[in-house]
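Source file: structure_14.tsv; contents: TSV, C-alpha atoms.
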```tsv
chain	number	residue	atom	x	y	z
A	1	MET	CA	61.62	203.68	-31.98
A	2	LYS	CA	62.67	202.14	-28.70
A	3	LYS	CA	60.75	204.78	-26.82
A	4	ARG	CA	57.60	204.11	-28.88
A	5	SER	CA	57.91	200.39	-28.12
A	6	LEU	CA	58.05	201.06	-24.43
A	7	ILE	CA	54.93	203.20	-24.69
A	8	LEU	CA	53.12	200.42	-26.55
A	9	ILE	CA	54.18	197.83	-24.01
A	10	ALA	CA	53.01	200.08	-21.20
A	11	ALA	CA	49.68	200.57	-22.91
A	12	LEU	CA	49.23	196.85	-23.40
A	13	THR	CA	50.12	196.27	-19.80
A	14	ALA	CA	47.49	198.72	-18.74
A	15	VAL	CA	44.93	196.94	-20.87
A	16	LEU	CA	45.87	193.62	-19.36
A	17	VAL	CA	45.58	195.00	-15.87
A	18	VAL	CA	42.15	196.39	-16.59
A	19	SER	CA	41.07	193.11	-18.16
A	20	ALA	CA	42.34	191.15	-15.19
A	21	THR	CA	40.51	193.48	-12.85
A	22	VAL	CA	37.21	193.03	-14.72
A	23	VAL	CA	37.50	189.24	-14.78
A	24	GLY	CA	38.35	189.18	-11.13
A	25	THR	CA	35.38	191.37	-10.29
A	26	LEU	CA	32.98	189.15	-12.25
A	27	ALA	CA	34.24	186.06	-10.47
A	28	TYR	CA	33.80	187.76	-7.12
A	29	LEU	CA	30.22	188.84	-7.85
A	30	LEU	CA	29.20	185.43	-9.11
A	31	ASP	CA	30.59	183.84	-5.99
A	32	GLU	CA	28.80	186.28	-3.72
A	33	GLU	CA	25.44	185.82	-5.43
A	34	GLN	CA	25.32	182.07	-5.04
A	35	ALA	CA	22.49	181.02	-2.72
A	36	VAL	CA	21.46	177.67	-1.31
A	37	ASN	CA	17.66	177.32	-1.37
A	38	THR	CA	15.90	174.81	0.83
A	39	PHE	CA	12.49	173.62	-0.33
A	40	THR	CA	9.95	171.90	1.89
A	41	VAL	CA	6.62	170.38	0.91
A	42	GLY	CA	3.60	172.34	2.06
A	43	ASN	CA	0.65	170.64	3.66
A	44	VAL	CA	-3.12	171.02	3.59
A	45	SER	CA	-4.93	168.58	5.84
A	46	ILE	CA	-8.46	168.53	7.24
A	47	SER	CA	-10.79	166.12	8.99
A	48	LEU	CA	-14.59	165.96	9.16
A	49	ASN	CA	-16.49	164.64	12.15
A	50	GLU	CA	-19.80	164.99	13.96
A	51	THR	CA	-21.11	164.12	17.40
A	52	ASP	CA	-21.51	160.37	17.90
A	53	VAL	CA	-25.23	160.25	18.64
A	54	ASP	CA	-25.88	156.55	18.06
A	55	GLY	CA	-23.11	155.40	20.39
A	56	ASP	CA	-21.25	153.21	17.91
A	57	GLY	CA	-17.98	155.11	18.25
A	58	ASP	CA	-18.11	156.39	14.68
A	59	THR	CA	-17.97	160.17	14.47
A	60	GLN	CA	-18.31	160.21	10.69
A	61	ALA	CA	-21.66	158.43	10.36
A	62	ASN	CA	-24.80	158.31	12.47
A	63	GLU	CA	-28.06	156.43	12.12
A	64	TYR	CA	-31.31	158.11	13.12
A	65	HIS	CA	-34.74	156.72	13.92
A	66	LEU	CA	-37.07	159.22	12.26
A	67	VAL	CA	-39.96	160.55	14.33
A	68	PRO	CA	-42.22	163.53	13.40
A	69	GLY	CA	-41.44	166.63	15.42
A	70	ALA	CA	-38.04	165.33	16.51
A	71	GLU	CA	-34.86	167.39	16.45
A	72	TYR	CA	-31.68	165.39	15.91
A	73	VAL	CA	-28.13	166.38	16.72
A	74	LYS	CA	-26.24	166.57	13.44
A	75	ASP	CA	-23.23	168.87	13.46
A	76	PRO	CA	-20.73	168.29	10.64
A	77	THR	CA	-17.53	169.97	11.81
A	78	VAL	CA	-14.28	170.54	9.93
A	79	THR	CA	-10.92	170.63	11.68
A	80	VAL	CA	-7.99	172.19	9.84
A	81	ASP	CA	-5.03	170.18	11.08
A	82	ALA	CA	-1.97	171.72	12.69
A	83	ARG	CA	0.68	173.06	10.28
A	84	SER	CA	-1.72	173.24	7.36
A	85	GLU	CA	-1.09	176.04	4.89
A	86	SER	CA	-3.58	178.87	4.57
A	87	SER	CA	-6.54	177.31	2.78
A	88	TYR	CA	-10.02	177.81	1.46
A	89	VAL	CA	-12.51	175.38	3.00
A	90	ARG	CA	-15.95	174.32	1.84
A	91	MET	CA	-18.59	171.70	2.59
A	92	ILE	CA	-20.92	169.97	0.16
A	93	LEU	CA	-24.22	168.73	1.60
A	94	THR	CA	-25.89	166.11	-0.59
A	95	VAL	CA	-29.46	165.04	0.14
A	96	HIS	CA	-30.43	161.64	-1.24
A	97	ASN	CA	-34.00	160.78	-2.20
A	98	CYS	CA	-34.52	164.48	-2.72
A	99	SER	CA	-37.81	163.99	-4.61
A	100	ALA	CA	-39.46	162.75	-1.38
A	101	VAL	CA	-37.89	165.60	0.59
A	102	GLN	CA	-39.08	168.11	-2.00
A	103	ALA	CA	-42.62	166.74	-1.76
A	104	ILE	CA	-42.54	167.32	2.00
A	105	ILE	CA	-41.26	170.86	1.48
A	106	ASP	CA	-43.89	171.60	-1.16
A	107	ASP	CA	-46.70	170.43	1.12
A	108	GLU	CA	-47.88	173.70	2.65
A	109	ILE	CA	-49.13	171.86	5.74
A	110	ASN	CA	-45.54	171.32	6.87
A	111	GLY	CA	-44.70	175.04	6.84
A	112	LEU	CA	-41.38	174.61	5.06
A	113	ALA	CA	-40.02	177.03	2.48
A	114	ASP	CA	-36.84	175.20	1.45
A	115	TYR	CA	-34.20	172.73	2.63
A	116	ALA	CA	-32.71	175.26	5.03
A	117	ASP	CA	-35.82	174.93	7.19
A	118	LEU	CA	-34.80	171.35	7.96
A	119	LEU	CA	-31.44	172.48	9.34
A	120	GLY	CA	-31.01	174.18	12.69
A	121	GLY	CA	-28.02	176.28	13.70
A	122	TRP	CA	-26.75	177.22	10.25
A	123	ASP	CA	-25.06	180.64	10.38
A	124	GLU	CA	-25.23	182.03	6.87
A	125	THR	CA	-22.56	184.64	7.66
A	126	VAL	CA	-20.01	181.97	8.59
A	127	TRP	CA	-20.78	179.29	6.01
A	128	LEU	CA	-21.68	181.15	2.85
A	129	TYR	CA	-24.24	179.46	0.61
A	130	GLN	CA	-23.06	179.19	-3.01
A	131	GLY	CA	-25.88	177.37	-4.78
A	132	PHE	CA	-27.00	173.84	-5.58
A	133	ALA	CA	-26.73	171.11	-8.20
A	134	HIS	CA	-29.61	168.72	-8.88
A	135	ASP	CA	-28.96	165.24	-10.28
A	136	ALA	CA	-32.30	163.87	-11.43
A	137	ASP	CA	-30.89	160.46	-12.37
A	138	ALA	CA	-29.33	159.94	-8.93
A	139	ASN	CA	-32.28	161.66	-7.23
A	140	THR	CA	-29.91	163.89	-5.25
A	141	ILE	CA	-29.47	167.58	-4.65
A	142	SER	CA	-26.14	169.02	-3.48
A	143	PHE	CA	-25.60	172.34	-1.74
A	144	GLU	CA	-22.25	174.14	-1.54
A	145	PHE	CA	-21.17	176.19	1.48
A	146	ARG	CA	-17.84	178.03	1.73
A	147	TYR	CA	-16.17	179.11	4.94
A	148	HIS	CA	-16.16	182.90	5.07
A	149	THR	CA	-12.38	183.30	5.34
A	150	THR	CA	-9.15	181.42	4.79
A	151	VAL	CA	-7.82	179.36	7.68
A	152	ASP	CA	-4.56	177.65	8.57
A	153	GLY	CA	-3.08	175.31	11.17
A	154	PHE	CA	-1.31	177.90	13.32
A	155	ASP	CA	-2.44	179.96	16.30
A	156	ALA	CA	-2.08	183.73	16.72
A	157	GLU	CA	1.49	183.30	18.03
A	158	GLY	CA	2.50	181.19	15.04
A	159	ASN	CA	2.49	177.88	16.89
A	160	ALA	CA	1.17	174.79	15.15
A	161	ALA	CA	-2.40	174.12	16.31
A	162	ASP	CA	-5.58	172.45	15.05
A	163	GLU	CA	-8.28	174.93	14.04
A	164	VAL	CA	-11.81	173.61	14.66
A	165	LEU	CA	-14.32	175.51	12.55
A	166	PRO	CA	-17.93	176.12	13.60
A	167	ALA	CA	-20.29	173.32	12.57
A	168	LEU	CA	-22.06	173.78	9.24
A	169	PHE	CA	-25.33	173.27	11.11
A	170	THR	CA	-26.18	171.66	14.44
A	171	THR	CA	-29.52	169.86	14.11
A	172	LEU	CA	-31.85	168.11	11.67
A	173	ILE	CA	-35.46	169.08	12.29
A	174	LEU	CA	-38.50	167.07	11.21
A	175	PRO	CA	-41.86	168.92	11.22
A	176	ASP	CA	-44.43	167.49	13.61
A	177	THR	CA	-46.97	167.57	10.75
A	178	LEU	CA	-45.33	164.62	8.98
A	179	ASP	CA	-47.27	161.37	8.97
A	180	GLY	CA	-46.32	157.74	8.54
A	181	ALA	CA	-46.62	157.93	4.77
A	182	ASP	CA	-44.20	160.83	4.64
A	183	LEU	CA	-41.62	158.98	6.71
A	184	LYS	CA	-42.08	155.81	4.70
A	185	SER	CA	-41.44	157.71	1.47
A	186	LEU	CA	-38.19	159.01	2.94
A	187	VAL	CA	-36.93	155.70	4.28
A	188	ASP	CA	-37.99	153.56	1.32
A	189	GLY	CA	-36.13	155.90	-1.00
A	190	ASP	CA	-32.94	155.58	1.06
A	191	PHE	CA	-33.03	159.08	2.52
A	192	LYS	CA	-29.67	160.24	3.80
A	193	MET	CA	-27.62	163.39	4.12
A	194	VAL	CA	-23.98	163.14	3.11
A	195	VAL	CA	-21.51	165.91	3.92
A	196	GLU	CA	-18.11	166.22	2.24
A	197	ALA	CA	-15.38	168.63	3.35
A	198	HIS	CA	-12.84	170.05	0.89
A	199	ALA	CA	-9.78	172.27	1.31
A	200	ILE	CA	-7.34	173.82	-1.14
A	201	GLN	CA	-4.33	176.06	-0.62
A	202	ALA	CA	-4.98	179.79	-0.82
A	203	LEU	CA	-1.45	180.57	-2.03
A	204	GLY	CA	-1.59	181.36	-5.73
A	205	PHE	CA	-5.33	182.08	-5.56
A	206	GLU	CA	-5.33	185.29	-3.53
A	207	ASN	CA	-8.70	187.03	-3.94
A	208	ASN	CA	-9.72	184.32	-6.41
A	209	GLU	CA	-11.59	181.66	-4.48
A	210	ASP	CA	-13.63	180.69	-7.54
A	211	GLY	CA	-10.38	179.99	-9.37
A	212	ALA	CA	-9.14	177.88	-6.46
A	213	TRP	CA	-12.20	175.65	-6.49
A	214	ALA	CA	-12.07	175.37	-10.28
A	215	ALA	CA	-8.50	174.11	-9.90
A	216	PHE	CA	-9.67	171.72	-7.17
A	217	GLU	CA	-12.35	170.23	-9.42
A	218	GLU	CA	-9.91	169.89	-12.29
A	219	GLN	CA	-7.35	168.10	-10.17
A	220	ILE	CA	-9.70	165.58	-8.55
A	221	SER	CA	-11.28	164.75	-11.92
A	222	ARG	CA	-7.97	163.57	-13.40
```
Is it possible to give me this structure as structure tokens?
Amino acid sequence: MKKRSLILIAALTAVLVVSATVVGTLAYLLDEEQAVNTFTVGNVSISLNETDVDGDGDTQANEYHLVPGAEYVKDPTVTVDARSESSYVRMILTVHNCSAVQAIIDDEINGLADYADLLGGWDETVWLYQGFAHDADANTISFEFRYHTTVDGFDAEGNAADEVLPALFTTLILPDTLDGADLKSLVDGDFKMVVEAHAIQALGFENNEDGAWAAFEEQISR
């Protein structure tokens, strides 16, 4: 009987040792797998400027005196600021008083096929045309152009650096066939060209630029 008791005690001791070993191992693994994560806020930042042609020091707005046959410097240029995350970039060109512009385009005398003929220096392989939206009530037409690749605010060596993208276009061209009535119809209808620049992070939208811009529209409409 005494011998059997010793065997039982020995067995229990073995179980306790095993149990202690398992608990100790679990504690050790949990301790080793702890990690301290540091989170920083990402950044997407751009600016939009053009050459100051009217000498007023404002690189985001120019005034032009319209003359038939003239070619005006107009070069909307996006800069992706240093340290910006990889982003999709687009520009929206909105033409106001578009009914008067359309009448000029439709007049075969002027030799214009569409709005692109009024813009010089647009590289369609760099800024990809996506389509247009016409607002009859506002008398505007808006054209969307997307930069052909993602871009960030770092150079090839990984150093923070501004990235200046090629201008969407470089000049505004007025046909020399326009007359005073044509110009008056433009000016009286408050003709202007407004360019907006947009950027959204590419992370989370890899190979899904349409989805990125849908998310952009949803967020700014809130």
> For Pro76 (chain A), which residue out of A:Gln219, A:Thr149, A:Asn62, A:Thr170 is the nearest one, using all atoms listed in the file?
Replying inline: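 Ranked by minimum distance to Pro76 (chain A), first place goes to A:Thr170.
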> Which residues come within 9 Å of region 92-103 of chain A, counting only C-alpha atoms, excluding same-chain residues fewer than 6 positions away, as a VMD selection string?
Replying inline: chain A and resid 114 to 115 134 136 138 to 146 182 185 to 198
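The space separating CA of Gly153 (chain A) from CA of Gln201 (chain A) comes to 11.9 Å.
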>> as an MDAnalysis selection string, please: the residues near Ala116 (chain A) (cut-off 10 Å, only C-alpha atoms, same-chain neighbours under 3 positions excluded).
In response: chainID A and resid 112:113 119:122 169 172:173
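From CA of Thr177 (chain A) back to CA of Asn110 (chain A), the distance works out to 5.6 Å.
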>> Please report the interatomic distance between CA of Asn43 (chain A) and CA of Gly131 (chain A) in Å with one decimal.
In response: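 Pair CA of Asn43 (chain A) / CA of Gly131 (chain A) returns 28.6 Å.
Take the candidates A:Ile105, A:Met91, A:Ala160, A:Ile220 and check each one against Leu128 (chain A) using all atoms listed in the file; the shortest distance goes to A:Met91.
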> Between A:Lys74, A:Val53, A:Glu157, A:Tyr64, which one has atoms that come closest to Thr171 (chain A), using only C-alpha atoms?
Replying inline: A:Lys74
>> Between A:Tyr72, A:Tyr88, A:Trp127, A:Phe154, which residue has the minimum interatomic distance to Gly211 (chain A), considering all atoms listed in the file?
In response: A:Tyr88
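Minimum atom-to-atom distance to Asp162 (chain A), evaluated using all atoms listed in the file, belongs to A:Val78 out of A:Val78, A:Ala133, A:Leu183, A:Ile109.
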> Within 12 Å of Thr79 (chain A), counting all atoms listed in the file, which residues qualify if same-chain residues fewer than 4 places away don't, as a PyMOL selection string?
Replying inline: chain A and resi 44-50+83-84+87+89-91+151-153+161-168+197-199
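Nearest residue to Thr150 (chain A) among A:Gln130, A:Asn208, A:Thr125, A:Ser86 is A:Ser86, counting only C-alpha atoms.
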